[in-house]
>>> print(open('target_37.txt').read())   # compact mmCIF, N, CA, C and O atoms
# COMPACT_ATOMS: atom_id res chain seq x y z
N MET J 1 45.63 42.97 1.85
CA MET J 1 44.92 42.03 1.01
C MET J 1 44.88 40.66 1.69
O MET J 1 45.79 40.29 2.41
N ASP J 2 43.83 39.94 1.42
CA ASP J 2 43.62 38.63 2.04
C ASP J 2 44.51 37.57 1.38
O ASP J 2 44.60 37.49 0.16
N PHE J 3 45.16 36.76 2.20
CA PHE J 3 46.06 35.72 1.70
C PHE J 3 45.32 34.71 0.83
O PHE J 3 45.84 34.25 -0.18
N LYS J 4 44.08 34.37 1.22
CA LYS J 4 43.30 33.39 0.44
C LYS J 4 43.05 33.90 -0.98
O LYS J 4 43.13 33.14 -1.94
N LYS J 5 42.74 35.17 -1.11
CA LYS J 5 42.47 35.74 -2.43
C LYS J 5 43.72 35.72 -3.30
O LYS J 5 43.66 35.41 -4.49
N ILE J 6 44.86 36.04 -2.69
CA ILE J 6 46.12 36.02 -3.44
C ILE J 6 46.46 34.61 -3.89
O ILE J 6 46.82 34.37 -5.04
N ALA J 7 46.32 33.64 -2.97
CA ALA J 7 46.62 32.25 -3.30
C ALA J 7 45.69 31.74 -4.39
O ALA J 7 46.12 31.05 -5.32
N LEU J 8 44.41 32.05 -4.29
CA LEU J 8 43.44 31.61 -5.30
C LEU J 8 43.75 32.23 -6.66
O LEU J 8 43.66 31.57 -7.69
N ALA J 9 44.14 33.50 -6.66
CA ALA J 9 44.50 34.17 -7.91
C ALA J 9 45.73 33.52 -8.54
O ALA J 9 45.77 33.31 -9.75
N LEU J 10 46.72 33.19 -7.73
CA LEU J 10 47.92 32.53 -8.24
C LEU J 10 47.60 31.15 -8.80
O LEU J 10 48.12 30.78 -9.86
N VAL J 11 46.75 30.40 -8.12
CA VAL J 11 46.36 29.08 -8.63
C VAL J 11 45.61 29.23 -9.94
O VAL J 11 45.84 28.47 -10.89
N GLY J 12 44.73 30.20 -10.03
CA GLY J 12 43.99 30.44 -11.26
C GLY J 12 44.90 30.84 -12.41
O GLY J 12 44.76 30.34 -13.53
N LEU J 13 45.85 31.72 -12.14
CA LEU J 13 46.80 32.13 -13.18
C LEU J 13 47.65 30.95 -13.64
O LEU J 13 47.92 30.79 -14.83
N PHE J 14 48.07 30.11 -12.70
CA PHE J 14 48.86 28.93 -13.06
C PHE J 14 48.03 27.97 -13.92
O PHE J 14 48.54 27.41 -14.90
N ALA J 15 46.76 27.80 -13.57
CA ALA J 15 45.89 26.91 -14.36
C ALA J 15 45.73 27.45 -15.78
O ALA J 15 45.82 26.69 -16.76
N ILE J 16 45.52 28.74 -15.91
CA ILE J 16 45.38 29.34 -17.25
C ILE J 16 46.67 29.19 -18.04
O ILE J 16 46.66 28.81 -19.22
N TYR J 17 47.81 29.44 -17.40
CA TYR J 17 49.10 29.28 -18.06
C TYR J 17 49.31 27.83 -18.52
O TYR J 17 49.77 27.57 -19.63
N SER J 18 48.95 26.88 -17.65
CA SER J 18 49.12 25.46 -17.99
C SER J 18 48.26 25.07 -19.18
O SER J 18 48.71 24.32 -20.06
N ILE J 19 47.04 25.56 -19.22
CA ILE J 19 46.13 25.23 -20.32
C ILE J 19 46.64 25.82 -21.63
O ILE J 19 46.63 25.16 -22.67
N ILE J 20 47.11 27.05 -21.57
CA ILE J 20 47.59 27.71 -22.79
C ILE J 20 48.89 27.08 -23.29
O ILE J 20 49.06 26.86 -24.49
N SER J 21 49.79 26.76 -22.37
CA SER J 21 51.10 26.25 -22.79
C SER J 21 51.07 24.80 -23.22
O SER J 21 51.87 24.38 -24.06
N SER J 22 50.15 24.00 -22.68
CA SER J 22 50.10 22.59 -23.03
C SER J 22 48.66 22.08 -22.92
O SER J 22 48.29 21.42 -21.94
N PRO J 23 47.83 22.34 -23.92
CA PRO J 23 46.43 21.97 -23.82
C PRO J 23 46.19 20.46 -23.76
O PRO J 23 45.28 20.00 -23.08
N SER J 24 47.01 19.67 -24.43
CA SER J 24 46.77 18.22 -24.41
C SER J 24 47.05 17.63 -23.03
O SER J 24 46.30 16.78 -22.55
N GLN J 25 48.12 18.10 -22.38
CA GLN J 25 48.40 17.62 -21.03
C GLN J 25 47.34 18.12 -20.04
O GLN J 25 46.96 17.39 -19.13
N ALA J 26 46.86 19.32 -20.23
CA ALA J 26 45.81 19.85 -19.36
C ALA J 26 44.53 19.03 -19.52
O ALA J 26 43.85 18.74 -18.53
N ALA J 27 44.23 18.62 -20.74
CA ALA J 27 43.04 17.78 -20.97
C ALA J 27 43.20 16.42 -20.29
O ALA J 27 42.24 15.89 -19.72
N ASP J 28 44.40 15.88 -20.34
CA ASP J 28 44.66 14.61 -19.66
C ASP J 28 44.46 14.73 -18.16
O ASP J 28 43.88 13.85 -17.51
N VAL J 29 44.93 15.83 -17.59
CA VAL J 29 44.78 16.05 -16.15
C VAL J 29 43.30 16.17 -15.78
O VAL J 29 42.84 15.58 -14.80
N VAL J 30 42.55 16.90 -16.58
CA VAL J 30 41.12 17.05 -16.31
C VAL J 30 40.42 15.70 -16.39
O VAL J 30 39.58 15.37 -15.55
N GLN J 31 40.78 14.89 -17.37
CA GLN J 31 40.18 13.57 -17.50
C GLN J 31 40.47 12.70 -16.27
O GLN J 31 39.59 12.04 -15.75
N VAL J 32 41.71 12.73 -15.81
CA VAL J 32 42.09 11.94 -14.63
C VAL J 32 41.32 12.41 -13.40
O VAL J 32 40.82 11.60 -12.61
N VAL J 33 41.21 13.73 -13.23
CA VAL J 33 40.49 14.27 -12.07
C VAL J 33 39.03 13.84 -12.11
O VAL J 33 38.47 13.43 -11.08
N PHE J 34 38.39 13.91 -13.27
CA PHE J 34 37.00 13.49 -13.36
C PHE J 34 36.85 11.99 -13.12
O PHE J 34 35.87 11.55 -12.54
N GLU J 35 37.83 11.19 -13.52
CA GLU J 35 37.78 9.75 -13.23
C GLU J 35 37.87 9.51 -11.73
O GLU J 35 37.15 8.67 -11.19
N TRP J 36 38.77 10.26 -11.05
CA TRP J 36 38.86 10.12 -9.59
C TRP J 36 37.55 10.50 -8.92
O TRP J 36 37.09 9.81 -8.01
N ILE J 37 36.95 11.60 -9.36
CA ILE J 37 35.68 12.04 -8.77
C ILE J 37 34.60 10.99 -9.01
O ILE J 37 33.82 10.67 -8.11
N SER J 38 34.57 10.44 -10.21
CA SER J 38 33.57 9.42 -10.54
C SER J 38 33.76 8.17 -9.68
O SER J 38 32.79 7.61 -9.17
N GLU J 39 35.01 7.74 -9.53
CA GLU J 39 35.28 6.56 -8.71
C GLU J 39 34.93 6.80 -7.25
O GLU J 39 34.39 5.92 -6.57
N ALA J 40 35.22 8.00 -6.75
CA ALA J 40 34.89 8.33 -5.36
C ALA J 40 33.38 8.34 -5.15
O ALA J 40 32.88 7.82 -4.15
N ALA J 41 32.65 8.92 -6.10
CA ALA J 41 31.19 8.96 -5.99
C ALA J 41 30.61 7.54 -6.04
O ALA J 41 29.69 7.21 -5.29
N LYS J 42 31.16 6.70 -6.90
CA LYS J 42 30.70 5.31 -6.98
C LYS J 42 30.98 4.58 -5.68
O LYS J 42 30.14 3.84 -5.18
N ALA J 43 32.16 4.79 -5.10
CA ALA J 43 32.51 4.14 -3.84
C ALA J 43 31.58 4.59 -2.71
O ALA J 43 31.12 3.76 -1.91
N ILE J 44 31.28 5.87 -2.66
CA ILE J 44 30.36 6.38 -1.64
C ILE J 44 28.97 5.77 -1.85
O ILE J 44 28.31 5.36 -0.89
N GLY J 45 28.54 5.69 -3.10
CA GLY J 45 27.25 5.06 -3.39
C GLY J 45 27.21 3.60 -2.98
O GLY J 45 26.21 3.13 -2.44
N ASP J 46 28.31 2.88 -3.22
CA ASP J 46 28.38 1.47 -2.81
C ASP J 46 28.30 1.32 -1.29
O ASP J 46 27.60 0.45 -0.78
N VAL J 47 29.00 2.19 -0.57
CA VAL J 47 28.96 2.14 0.89
C VAL J 47 27.56 2.43 1.40
O VAL J 47 27.04 1.74 2.27
N MET J 48 26.92 3.45 0.84
CA MET J 48 25.56 3.79 1.26
C MET J 48 24.58 2.65 0.95
O MET J 48 23.71 2.33 1.76
N SER J 49 24.73 2.03 -0.21
CA SER J 49 23.87 0.90 -0.56
C SER J 49 24.07 -0.25 0.41
O SER J 49 23.10 -0.88 0.85
N ASP J 50 25.32 -0.55 0.75
CA ASP J 50 25.60 -1.61 1.70
C ASP J 50 25.01 -1.30 3.07
O ASP J 50 24.45 -2.18 3.73
N LEU J 51 25.13 -0.04 3.50
CA LEU J 51 24.56 0.35 4.79
C LEU J 51 23.04 0.20 4.79
O LEU J 51 22.45 -0.30 5.75
N LEU J 52 22.41 0.61 3.70
CA LEU J 52 20.95 0.49 3.63
C LEU J 52 20.52 -0.97 3.54
O LEU J 52 19.50 -1.35 4.13
N ASP J 53 21.29 -1.77 2.84
CA ASP J 53 20.97 -3.20 2.75
C ASP J 53 21.09 -3.86 4.13
O ASP J 53 20.24 -4.66 4.52
N ASP J 54 22.13 -3.51 4.86
CA ASP J 54 22.33 -4.07 6.21
C ASP J 54 21.22 -3.61 7.15
O ASP J 54 20.74 -4.38 7.96
N ALA J 55 20.82 -2.35 7.04
CA ALA J 55 19.78 -1.82 7.91
C ALA J 55 18.43 -2.46 7.61
O ALA J 55 17.66 -2.78 8.51
N SER J 56 18.14 -2.69 6.33
CA SER J 56 16.84 -3.28 5.99
C SER J 56 16.81 -4.77 6.27
O SER J 56 15.75 -5.32 6.56
N SER J 57 17.94 -5.46 6.24
CA SER J 57 17.94 -6.89 6.50
C SER J 57 17.93 -7.19 7.98
O SER J 57 17.56 -8.29 8.39
N SER J 58 18.27 -6.24 8.83
CA SER J 58 18.27 -6.48 10.27
C SER J 58 16.90 -6.25 10.89
O SER J 58 16.70 -6.52 12.06
N GLU J 59 15.95 -5.75 10.13
CA GLU J 59 14.61 -5.49 10.68
C GLU J 59 13.80 -6.74 10.76
O GLU J 59 13.91 -7.72 10.20
>>> encode(input="target_37.txt", output="structure tokens")
Amino acid sequence: MDFKKIALALVGLFAIYSIISSPSQAADVVQVVFEWISEAAKAIGDVMSDLLDDASSSE
């Protein structure tokens, strides 16, 4: 059996166990992860905007 499949199955089982055993803490973790993703996307957008502004002002 492939190690990646076993590891992914174990992570999935742990996630399901965590959600079932403590749903409020699992919801908090999901909220934090989505906040991190949102902040990262905003930061990438800011960098791209700055790059485009610099490129258009140098013409």
>>> atom_distance(input="target_37.txt", atom1="atom CA of J:Leu51", atom2="atom O of J:Glu35")
22.0 Å
>>> atom_distance(input="target_37.txt", atom1="atom CA of J:Ile16", atom2="atom CA of J:Val30")
13.0 Å
>>> atom_distance(input="target_37.txt", atom1="atom CA of J:Ala27", atom2="atom CA of J:Lys4")
26.5 Å
>>> decode(input="target_37.txt", residues="stretch 14-39 of chain J", atoms="N, CA, C and O atoms", output="PDB file, in the first residue's frame")
ATOM      1  N   PHE J  14      -8.400  11.407  11.805  1.00  0.00           N
ATOM      2  CA  PHE J  14      -8.155  12.303  12.930  1.00  0.00           C
ATOM      3  C   PHE J  14      -9.051  13.546  12.844  1.00  0.00           C
ATOM      4  O   PHE J  14      -9.595  13.995  13.862  1.00  0.00           O
ATOM      5  N   ALA J  15      -9.221  14.079  11.638  1.00  0.00           N
ATOM      6  CA  ALA J  15     -10.084  15.254  11.462  1.00  0.00           C
ATOM      7  C   ALA J  15     -11.528  14.915  11.829  1.00  0.00           C
ATOM      8  O   ALA J  15     -12.198  15.688  12.534  1.00  0.00           O
ATOM      9  N   ILE J  16     -12.003  13.773  11.393  1.00  0.00           N
ATOM     10  CA  ILE J  16     -13.374  13.361  11.727  1.00  0.00           C
ATOM     11  C   ILE J  16     -13.527  13.162  13.225  1.00  0.00           C
ATOM     12  O   ILE J  16     -14.503  13.615  13.832  1.00  0.00           O
ATOM     13  N   TYR J  17     -12.547  12.508  13.851  1.00  0.00           N
ATOM     14  CA  TYR J  17     -12.585  12.308  15.302  1.00  0.00           C
ATOM     15  C   TYR J  17     -12.596  13.653  16.037  1.00  0.00           C
ATOM     16  O   TYR J  17     -13.344  13.841  16.995  1.00  0.00           O
ATOM     17  N   SER J  18     -11.764  14.592  15.579  1.00  0.00           N
ATOM     18  CA  SER J  18     -11.702  15.908  16.224  1.00  0.00           C
ATOM     19  C   SER J  18     -13.021  16.646  16.118  1.00  0.00           C
ATOM     20  O   SER J  18     -13.468  17.283  17.082  1.00  0.00           O
ATOM     21  N   ILE J  19     -13.656  16.570  14.964  1.00  0.00           N
ATOM     22  CA  ILE J  19     -14.930  17.258  14.759  1.00  0.00           C
ATOM     23  C   ILE J  19     -16.016  16.650  15.637  1.00  0.00           C
ATOM     24  O   ILE J  19     -16.807  17.359  16.256  1.00  0.00           O
ATOM     25  N   ILE J  20     -16.034  15.333  15.713  1.00  0.00           N
ATOM     26  CA  ILE J  20     -17.068  14.658  16.507  1.00  0.00           C
ATOM     27  C   ILE J  20     -16.854  14.882  18.002  1.00  0.00           C
ATOM     28  O   ILE J  20     -17.803  15.143  18.743  1.00  0.00           O
ATOM     29  N   SER J  21     -15.602  14.827  18.448  1.00  0.00           N
ATOM     30  CA  SER J  21     -15.341  14.930  19.886  1.00  0.00           C
ATOM     31  C   SER J  21     -15.434  16.355  20.410  1.00  0.00           C
ATOM     32  O   SER J  21     -15.764  16.560  21.572  1.00  0.00           O
ATOM     33  N   SER J  22     -15.147  17.345  19.576  1.00  0.00           N
ATOM     34  CA  SER J  22     -15.187  18.734  20.039  1.00  0.00           C
ATOM     35  C   SER J  22     -15.558  19.661  18.874  1.00  0.00           C
ATOM     36  O   SER J  22     -14.700  20.317  18.283  1.00  0.00           O
ATOM     37  N   PRO J  23     -16.839  19.748  18.551  1.00  0.00           N
ATOM     38  CA  PRO J  23     -17.240  20.537  17.392  1.00  0.00           C
ATOM     39  C   PRO J  23     -16.960  22.035  17.530  1.00  0.00           C
ATOM     40  O   PRO J  23     -16.628  22.697  16.555  1.00  0.00           O
ATOM     41  N   SER J  24     -17.052  22.581  18.736  1.00  0.00           N
ATOM     42  CA  SER J  24     -16.831  24.025  18.876  1.00  0.00           C
ATOM     43  C   SER J  24     -15.360  24.375  18.643  1.00  0.00           C
ATOM     44  O   SER J  24     -15.059  25.382  17.989  1.00  0.00           O
ATOM     45  N   GLN J  25     -14.454  23.544  19.153  1.00  0.00           N
ATOM     46  CA  GLN J  25     -13.036  23.801  18.908  1.00  0.00           C
ATOM     47  C   GLN J  25     -12.692  23.583  17.433  1.00  0.00           C
ATOM     48  O   GLN J  25     -11.880  24.309  16.872  1.00  0.00           O
ATOM     49  N   ALA J  26     -13.309  22.609  16.806  1.00  0.00           N
ATOM     50  CA  ALA J  26     -13.075  22.370  15.381  1.00  0.00           C
ATOM     51  C   ALA J  26     -13.551  23.564  14.556  1.00  0.00           C
ATOM     52  O   ALA J  26     -12.887  23.971  13.601  1.00  0.00           O
ATOM     53  N   ALA J  27     -14.676  24.145  14.946  1.00  0.00           N
ATOM     54  CA  ALA J  27     -15.178  25.333  14.236  1.00  0.00           C
ATOM     55  C   ALA J  27     -14.226  26.508  14.408  1.00  0.00           C
ATOM     56  O   ALA J  27     -13.995  27.269  13.458  1.00  0.00           O
ATOM     57  N   ASP J  28     -13.668  26.648  15.596  1.00  0.00           N
ATOM     58  CA  ASP J  28     -12.693  27.716  15.824  1.00  0.00           C
ATOM     59  C   ASP J  28     -11.458  27.531  14.949  1.00  0.00           C
ATOM     60  O   ASP J  28     -10.934  28.497  14.378  1.00  0.00           O
ATOM     61  N   VAL J  29     -10.993  26.298  14.828  1.00  0.00           N
ATOM     62  CA  VAL J  29      -9.823  26.021  13.999  1.00  0.00           C
ATOM     63  C   VAL J  29     -10.118  26.345  12.537  1.00  0.00           C
ATOM     64  O   VAL J  29      -9.305  26.963  11.842  1.00  0.00           O
ATOM     65  N   VAL J  30     -11.286  25.957  12.062  1.00  0.00           N
ATOM     66  CA  VAL J  30     -11.661  26.240  10.675  1.00  0.00           C
ATOM     67  C   VAL J  30     -11.724  27.743  10.443  1.00  0.00           C
ATOM     68  O   VAL J  30     -11.246  28.251   9.425  1.00  0.00           O
ATOM     69  N   GLN J  31     -12.277  28.479  11.398  1.00  0.00           N
ATOM     70  CA  GLN J  31     -12.361  29.932  11.264  1.00  0.00           C
ATOM     71  C   GLN J  31     -10.961  30.554  11.181  1.00  0.00           C
ATOM     72  O   GLN J  31     -10.710  31.420  10.348  1.00  0.00           O
ATOM     73  N   VAL J  32     -10.051  30.102  12.028  1.00  0.00           N
ATOM     74  CA  VAL J  32      -8.690  30.632  12.020  1.00  0.00           C
ATOM     75  C   VAL J  32      -8.000  30.325  10.692  1.00  0.00           C
ATOM     76  O   VAL J  32      -7.331  31.188  10.112  1.00  0.00           O
ATOM     77  N   VAL J  33      -8.175  29.102  10.191  1.00  0.00           N
ATOM     78  CA  VAL J  33      -7.545  28.723   8.924  1.00  0.00           C
ATOM     79  C   VAL J  33      -8.080  29.590   7.788  1.00  0.00           C
ATOM     80  O   VAL J  33      -7.306  30.074   6.952  1.00  0.00           O
ATOM     81  N   PHE J  34      -9.388  29.817   7.749  1.00  0.00           N
ATOM     82  CA  PHE J  34      -9.940  30.667   6.701  1.00  0.00           C
ATOM     83  C   PHE J  34      -9.471  32.105   6.834  1.00  0.00           C
ATOM     84  O   PHE J  34      -9.255  32.792   5.834  1.00  0.00           O
ATOM     85  N   GLU J  35      -9.263  32.596   8.047  1.00  0.00           N
ATOM     86  CA  GLU J  35      -8.719  33.942   8.237  1.00  0.00           C
ATOM     87  C   GLU J  35      -7.296  34.019   7.694  1.00  0.00           C
ATOM     88  O   GLU J  35      -6.928  34.995   7.040  1.00  0.00           O
ATOM     89  N   TRP J  36      -6.481  32.975   7.974  1.00  0.00           N
ATOM     90  CA  TRP J  36      -5.120  32.948   7.437  1.00  0.00           C
ATOM     91  C   TRP J  36      -5.131  32.951   5.913  1.00  0.00           C
ATOM     92  O   TRP J  36      -4.358  33.673   5.283  1.00  0.00           O
ATOM     93  N   ILE J  37      -5.998  32.140   5.323  1.00  0.00           N
ATOM     94  CA  ILE J  37      -6.084  32.072   3.862  1.00  0.00           C
ATOM     95  C   ILE J  37      -6.509  33.422   3.300  1.00  0.00           C
ATOM     96  O   ILE J  37      -5.953  33.901   2.301  1.00  0.00           O
ATOM     97  N   SER J  38      -7.476  34.051   3.946  1.00  0.00           N
ATOM     98  CA  SER J  38      -7.951  35.354   3.493  1.00  0.00           C
ATOM     99  C   SER J  38      -6.851  36.409   3.577  1.00  0.00           C
ATOM    100  O   SER J  38      -6.664  37.208   2.652  1.00  0.00           O
ATOM    101  N   GLU J  39      -6.117  36.416   4.687  1.00  0.00           N
ATOM    102  CA  GLU J  39      -5.029  37.379   4.845  1.00  0.00           C
ATOM    103  C   GLU J  39      -3.923  37.135   3.828  1.00  0.00           C
ATOM    104  O   GLU J  39      -3.348  38.082   3.283  1.00  0.00           O
TER     105      GLU J  39
END
